[in-house]
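Encoded as structure tokens, the structure appears first; notes follow it.
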Amino acid sequence: MQFSGLFEKLKRFDAYPKTLEDFRIKTYGGAALTIISGVLMFVLFMSELNFYLTLDVQQELFVDISRGQKIKINIDIVFPKMACGFISLDAMDVSGESQIDIDAHILKMRLGPDGSPISDTPEVQAIGEGSKVEIAPTTLDPNRCESCYGAENAEQSCCNSCEDVREAYRKKGWALQDPDSIEQCKREGWSEKLEAQKNEGCKLFGYLEVNKVAGNFHIAPGKSFQQKHVHVHDMQSLSGAKFNVTHRINHLSFGIDYPGIINPLDGLYQEVDQLQLMYQYFIKVVPTTYTKVNGEHLYTNQFSVTKHSKSVGGFLGESGLPGVFFSYELSPIMVKYTEKQRSFLHFLTEVCAIVGGIFTVASLLDSFLYHSSRVIARKIELGKAS
């Protein structure tokens with residue numbers, strides 16, 4: 001009896017009193033409104049669930065104080081009208097470090113005139129190599145020591161191939177003006193090999209590592225070397241060839257890609273309608289850290305870019321050199337992105353708000369429609385009676 005009385009008193013706190021089934025009136029309008037409300041609740045619930053499952057990425061800015069790091073530059077560039085044997089990749093920075101004719105971690109794939117690969121195997125290729133020109137074999141003394149044509153040095157006193165002579169000239173800072181005057185180049189058919197590759201294209205891909213300071217890297221024709229602390233390219237040995245620097249940048253990034261990153265040069269195609277053109281890309285690199293929800297840290301970079309082009313002469317001079325040049329600077333500000341899981345309580349609150357709000361609005365609308373229809377029906381009946 002005591003428990004029964006307690007339960008009876010507990011009923012007084014019921015904020016949701018129920019009506020008898022006999023007093024409930026169900027209408028077609030109410031049914032349609034219930035279906036519409038249910039569909040709307042489901043759509044909004046799925047939207048809110050998708051938002052909850054999406055990670056919240058918070059952004060912060062602060063001064064970059066990191067030191068001694070390297071930057072990994074990932075490249076994938078296609079030159080449909082310049083052969084692999086004609087171009088070289090060089091990098092240098094404001095600290096004075098230079099990387100000449102980079103071949104570490106950089107591969108070249110020869111392309112035919114139609115853009116299809118000539119070989120499925122990428123390779124590290126020097127100027128004049130890889131052509132299909134057949135040269136009559138000659139029997140040479142393996143113990144021979146041929147002349148370097150005045151470019152001998154303590155490390156290299158014999159030049160038994162055209163490439164040996166060119167390398168000796170490069171170390172001296174000399175340009176090889178007339179390859180046909182060099183017996184080794186003439187014997188190997190070096191000029192014929194260059195001529196055979198003029199209609200080929202090249203895909204250059206891989207990565208290079210540079211110091212975390214301002215600098216540039218460029219892809220240009222001719223063997224590169226240092227001459228009296230000046231970076232030059234041997235254009236004379238290419239027989240005065242004219243170069244079309246039409247290019248497509250499949251991918252260019254500084255560091256590891258992170259979720260949501262946008263590399264503004266990816267997919268860019270620049271078709272050149274004139275020869276001997278110098279393309280310049282001026283890049284502003286922003287150091288970036290990305291912290292995943294599992295605590296993993298990614299140290300990378302994002303960048304913005306502007307471009308410029310100008311016509312230059314056939315030889316390295318005051319006007320510049322044909323090719324594609326990338327100049328980059330680093331921002332002193334670092335961006336930090338942090339992934340965080342969204343609050344479940346916030347999700348629960350939003351779901352309750354969706355259900356309660358739609359239910360309340362639907363109830364008000366149903367009540368309005370029901371009472372309005374009754375008033376109209378009563379007036380119609382009164383009109384018929386009179």
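In the structure tokens, chains take letters A, B, ... by order of appearance, with residues numbered from 1 within each chain and ligands from 1 in the order shown.
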
Could you pull the residues within 7 Å of Leu298 in chain A, counting only C-alpha atoms, minus those fewer than 3 positions along the same chain, as a count of residues only? 3

Need to verify the contact set: Glu152 in chain A, 10 Å, only C-alpha atoms, exclusion of same-chain residues closer than 3 positions in sequence. Can you return it as a list in words? Ser147, Cys148, Tyr149, Glu155, Gln156, Ser157, Cys158, Cys159, Val165, Ala168, Tyr169, Lys171 and Lys172 of chain A

If we count only C-alpha atoms, what is near Phe325 in chain A at a cut-off of 8 Å, once residues fewer than 4 positions away on the same chain are taken out, given as an NGL selection string? :A and (216-219 or 278-281)

Report as a PyMOL selection string all protein, DNA and RNA residues lying within 7 Å of Phe303 in chain A, evaluated on only C-alpha atoms, omitting residues in the same chain fewer than 4 positions from it. chain A and resi 283-286

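You can rank A:Met82, A:Ala32, A:Leu53, A:Ala91 by their closest distance to His231 in chain A using only C-alpha atoms, and at the top of that list sits A:Ala91.
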
Neighbour list for Arg67 in chain A as number ranges by chain, cut-off 12 Å, only C-alpha atoms, skip fewer than 4 positions in-chain: A: 71, 211-213, 287, 332

What separation in Å, quoted to one decimal, exists between CA of Pro179 in chain A and CA of Ala104 in chain A? 27.1 Å

Env of Glu200 in chain A: 8 Å cut, atoms = only C-alpha atoms, seq-sep filter 2 positions within chain, self excluded. Answer as a tab-separated table (two decimals) with all heavy atoms, in the first residue's frame.
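This is the output file selection32.tsv:
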```tsv
chain	number	residue	atom	x	y	z
A	80	PRO	N	57.53	17.66	-73.85
A	80	PRO	CA	57.21	16.89	-75.05
A	80	PRO	C	58.09	17.22	-76.26
A	80	PRO	O	58.12	16.46	-77.22
A	80	PRO	CB	55.75	17.23	-75.32
A	80	PRO	CG	55.53	18.54	-74.65
A	80	PRO	CD	56.44	18.56	-73.46
A	81	LYS	N	58.82	18.34	-76.19
A	81	LYS	CA	59.61	18.76	-77.35
A	81	LYS	C	61.08	18.99	-77.03
A	81	LYS	O	61.78	19.68	-77.77
A	81	LYS	CB	59.00	20.04	-77.95
A	81	LYS	CG	57.57	19.82	-78.43
A	81	LYS	CD	56.97	21.07	-79.06
A	81	LYS	CE	55.54	20.81	-79.53
A	81	LYS	NZ	54.93	22.00	-80.15
A	82	MET	N	61.56	18.42	-75.92
A	82	MET	CA	62.99	18.47	-75.58
A	82	MET	C	63.43	17.08	-75.15
A	82	MET	O	62.81	16.46	-74.29
A	82	MET	CB	63.28	19.49	-74.47
A	82	MET	CG	63.38	20.91	-74.95
A	82	MET	SD	64.47	21.95	-73.92
A	82	MET	CE	63.70	21.80	-72.34
A	83	ALA	N	64.50	16.59	-75.77
A	83	ALA	CA	64.98	15.23	-75.49
A	83	ALA	C	65.67	15.16	-74.14
A	83	ALA	O	66.24	16.14	-73.65
A	83	ALA	CB	65.94	14.79	-76.60
A	84	CYS	N	65.63	13.96	-73.55
A	84	CYS	CA	66.25	13.74	-72.25
A	84	CYS	C	67.76	14.02	-72.30
A	84	CYS	O	68.35	14.50	-71.34
A	84	CYS	CB	66.02	12.31	-71.78
A	84	CYS	SG	64.31	11.94	-71.33
A	110	ARG	N	62.44	8.65	-71.82
A	110	ARG	CA	62.38	9.16	-73.18
A	110	ARG	C	60.98	8.98	-73.76
A	110	ARG	O	60.35	7.94	-73.59
A	110	ARG	CB	63.41	8.45	-74.05
A	110	ARG	CG	64.85	8.70	-73.62
A	110	ARG	CD	65.80	7.79	-74.36
A	110	ARG	NE	65.72	8.00	-75.80
A	110	ARG	CZ	66.10	7.10	-76.71
A	110	ARG	NH1	66.57	5.94	-76.32
A	110	ARG	NH2	66.01	7.38	-78.00
A	111	LEU	N	60.51	10.03	-74.45
A	111	LEU	CA	59.18	10.02	-75.05
A	111	LEU	C	59.29	10.21	-76.56
A	111	LEU	O	60.13	10.98	-77.04
A	111	LEU	CB	58.30	11.12	-74.45
A	111	LEU	CG	58.14	11.15	-72.93
A	111	LEU	CD1	57.33	12.36	-72.51
A	111	LEU	CD2	57.50	9.86	-72.43
A	112	GLY	N	58.43	9.52	-77.30
A	112	GLY	CA	58.40	9.69	-78.73
A	112	GLY	C	57.68	10.97	-79.12
A	112	GLY	O	57.13	11.69	-78.28
A	113	PRO	N	57.63	11.29	-80.43
A	113	PRO	CA	56.94	12.51	-80.88
A	113	PRO	C	55.47	12.56	-80.49
A	113	PRO	O	54.90	13.64	-80.35
A	113	PRO	CB	57.12	12.46	-82.41
A	113	PRO	CG	58.33	11.61	-82.63
A	113	PRO	CD	58.30	10.59	-81.53
A	197	GLN	N	68.02	12.60	-81.70
A	197	GLN	CA	67.13	12.80	-80.54
A	197	GLN	C	66.34	14.10	-80.59
A	197	GLN	O	65.56	14.39	-79.69
A	197	GLN	CB	67.95	12.77	-79.25
A	197	GLN	CG	68.60	11.44	-78.95
A	197	GLN	CD	69.27	11.45	-77.59
A	197	GLN	OE1	68.73	11.93	-76.61
A	197	GLN	NE2	70.47	10.90	-77.53
A	198	LYS	N	66.51	14.88	-81.66
A	198	LYS	CA	65.91	16.22	-81.66
A	198	LYS	C	64.39	16.19	-81.62
A	198	LYS	O	63.77	17.14	-81.15
A	198	LYS	CB	66.39	16.99	-82.89
A	198	LYS	CG	67.79	17.55	-82.73
A	198	LYS	CD	68.17	18.47	-83.87
A	198	LYS	CE	69.54	19.10	-83.63
A	198	LYS	NZ	69.95	20.00	-84.74
A	202	CYS	N	60.72	14.22	-73.18
A	202	CYS	CA	61.32	13.67	-71.96
A	202	CYS	C	60.39	13.88	-70.78
A	202	CYS	O	59.75	14.92	-70.64
A	202	CYS	CB	62.66	14.34	-71.69
A	202	CYS	SG	63.55	13.65	-70.27
```

Among listed residues A:Asn250, A:Lys307, A:Lys292, A:Ser327, nearest Asp90 in chain A (using only C-alpha atoms): A:Ser327

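Of the residues listed (A:Leu382, A:Tyr337, A:Val293, A:Phe359), A:Val293 shows the shortest atom-to-atom separation from Thr54 in chain A; distances use only C-alpha atoms.
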
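Of the listed residues A:Val57, A:Val39, A:Leu107, A:Leu208, the one whose atoms come nearest to Ile73 in chain A is A:Leu208, with distances taken using only C-alpha atoms.
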
Would you compute the distance between CA of Ile36 in chain A and CA of Gly357 in chain A? Give it in Å to one decimal.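 Interatomic distance here is 13.8 Å.
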
Where does DSSP see strand (DSSP E) in range 247-355 of chain A, if you list the residues as a ChimeraX atom specification? /A:247-254,268-270,277-291,297-311,323-330,333-340

According to DSSP computed on the backbone, where in range 42-78 of chain A is there alpha helix (DSSP H)? Give the residues as a PyMOL selection string. chain A and resi 42-53

Given only C-alpha atoms as the counted atoms, nearest of A:Trp190, A:Tyr269, A:Trp174, A:Tyr328 to Val210 in chain A: A:Tyr328

Leu369 in chain A environment, 12 Å, only C-alpha atoms, sequence neighbours closer than 2 positions dropped, as a VMD selection string: chain A and resid 27 to 30 32 to 33 362 to 367 371 to 376

Rounded to one decimal place, report the CA of Ile102 in chain A-CA of Ile87 in chain A distance in Å.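 For CA of Ile102 in chain A relative to CA of Ile87 in chain A, the distance reads 10.8 Å.
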
Restricting the calculation to only C-alpha atoms: of A:Tyr52, A:Phe368, A:Phe42, A:Phe86, which residue gets closest to Asp101 in chain A?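 Of A:Tyr52, A:Phe368, A:Phe42, A:Phe86, the one nearest Asp101 in chain A, counting only C-alpha atoms, is A:Phe86.
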
Using only C-alpha atoms, what does the table of range 19-58 of chain A residues within 10 Å of range 350-353 of chain A look like, with each row giving the shortest atom pair and its distance in Å to one decimal, sorted by chain and ascending number, as a tab-separated table?
```
residue	atom	partner	partner_atom	distance
A:Met41	CA	A:Val351	CA	9.0
A:Leu44	CA	A:Val351	CA	8.4
A:Phe45	CA	A:Val351	CA	6.4
A:Met46	CA	A:Val351	CA	9.7
A:Glu48	CA	A:Val351	CA	7.3
A:Leu49	CA	A:Val351	CA	8.7
```

Okay, now the selection with all heavy atoms, as a PDB file, in the first residue's frame?
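Once everything was written out, this is part24.pdb:
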```pdb
ATOM      1  N   MET A  41      13.779  14.545 -40.861  1.00  0.00           N
ATOM      2  CA  MET A  41      14.606  14.178 -39.700  1.00  0.00           C
ATOM      3  C   MET A  41      15.754  13.264 -40.113  1.00  0.00           C
ATOM      4  O   MET A  41      16.895  13.442 -39.667  1.00  0.00           O
ATOM      5  CB  MET A  41      13.748  13.472 -38.646  1.00  0.00           C
ATOM      6  CG  MET A  41      12.820  14.352 -37.852  1.00  0.00           C
ATOM      7  SD  MET A  41      11.909  13.383 -36.632  1.00  0.00           S
ATOM      8  CE  MET A  41      10.721  14.604 -36.047  1.00  0.00           C
ATOM      9  N   LEU A  44      18.507  15.256 -42.109  1.00  0.00           N
ATOM     10  CA  LEU A  44      19.293  16.123 -41.231  1.00  0.00           C
ATOM     11  C   LEU A  44      20.152  15.305 -40.260  1.00  0.00           C
ATOM     12  O   LEU A  44      21.268  15.711 -39.920  1.00  0.00           O
ATOM     13  CB  LEU A  44      18.357  17.053 -40.455  1.00  0.00           C
ATOM     14  CG  LEU A  44      17.618  18.092 -41.305  1.00  0.00           C
ATOM     15  CD1 LEU A  44      16.721  18.959 -40.428  1.00  0.00           C
ATOM     16  CD2 LEU A  44      18.605  18.974 -42.071  1.00  0.00           C
ATOM     17  N   PHE A  45      19.625  14.157 -39.819  1.00  0.00           N
ATOM     18  CA  PHE A  45      20.414  13.290 -38.934  1.00  0.00           C
ATOM     19  C   PHE A  45      21.654  12.760 -39.656  1.00  0.00           C
ATOM     20  O   PHE A  45      22.757  12.748 -39.103  1.00  0.00           O
ATOM     21  CB  PHE A  45      19.554  12.124 -38.437  1.00  0.00           C
ATOM     22  CG  PHE A  45      20.343  11.070 -37.709  1.00  0.00           C
ATOM     23  CD1 PHE A  45      20.758  11.277 -36.403  1.00  0.00           C
ATOM     24  CD2 PHE A  45      20.703   9.880 -38.350  1.00  0.00           C
ATOM     25  CE1 PHE A  45      21.492  10.316 -35.729  1.00  0.00           C
ATOM     26  CE2 PHE A  45      21.444   8.918 -37.683  1.00  0.00           C
ATOM     27  CZ  PHE A  45      21.842   9.134 -36.373  1.00  0.00           C
ATOM     28  N   MET A  46      21.504  12.299 -40.910  1.00  0.00           N
ATOM     29  CA  MET A  46      22.644  11.788 -41.669  1.00  0.00           C
ATOM     30  C   MET A  46      23.662  12.897 -41.932  1.00  0.00           C
ATOM     31  O   MET A  46      24.878  12.664 -41.892  1.00  0.00           O
ATOM     32  CB  MET A  46      22.169  11.190 -42.993  1.00  0.00           C
ATOM     33  CG  MET A  46      21.323   9.941 -42.836  1.00  0.00           C
ATOM     34  SD  MET A  46      22.157   8.636 -41.879  1.00  0.00           S
ATOM     35  CE  MET A  46      23.567   8.308 -42.932  1.00  0.00           C
ATOM     36  N   GLU A  48      24.197  15.509 -39.981  1.00  0.00           N
ATOM     37  CA  GLU A  48      24.866  15.767 -38.717  1.00  0.00           C
ATOM     38  C   GLU A  48      25.825  14.635 -38.358  1.00  0.00           C
ATOM     39  O   GLU A  48      26.921  14.867 -37.819  1.00  0.00           O
ATOM     40  CB  GLU A  48      23.833  15.940 -37.606  1.00  0.00           C
ATOM     41  CG  GLU A  48      24.397  16.443 -36.291  1.00  0.00           C
ATOM     42  CD  GLU A  48      24.990  17.842 -36.402  1.00  0.00           C
ATOM     43  OE1 GLU A  48      24.477  18.628 -37.219  1.00  0.00           O
ATOM     44  OE2 GLU A  48      25.972  18.127 -35.679  1.00  0.00           O
ATOM     45  N   LEU A  49      25.468  13.387 -38.689  1.00  0.00           N
ATOM     46  CA  LEU A  49      26.343  12.248 -38.425  1.00  0.00           C
ATOM     47  C   LEU A  49      27.613  12.331 -39.280  1.00  0.00           C
ATOM     48  O   LEU A  49      28.725  12.064 -38.795  1.00  0.00           O
ATOM     49  CB  LEU A  49      25.607  10.936 -38.719  1.00  0.00           C
ATOM     50  CG  LEU A  49      26.409   9.645 -38.522  1.00  0.00           C
ATOM     51  CD1 LEU A  49      26.833   9.500 -37.061  1.00  0.00           C
ATOM     52  CD2 LEU A  49      25.615   8.433 -38.975  1.00  0.00           C
TER      53      LEU A  49
END
```
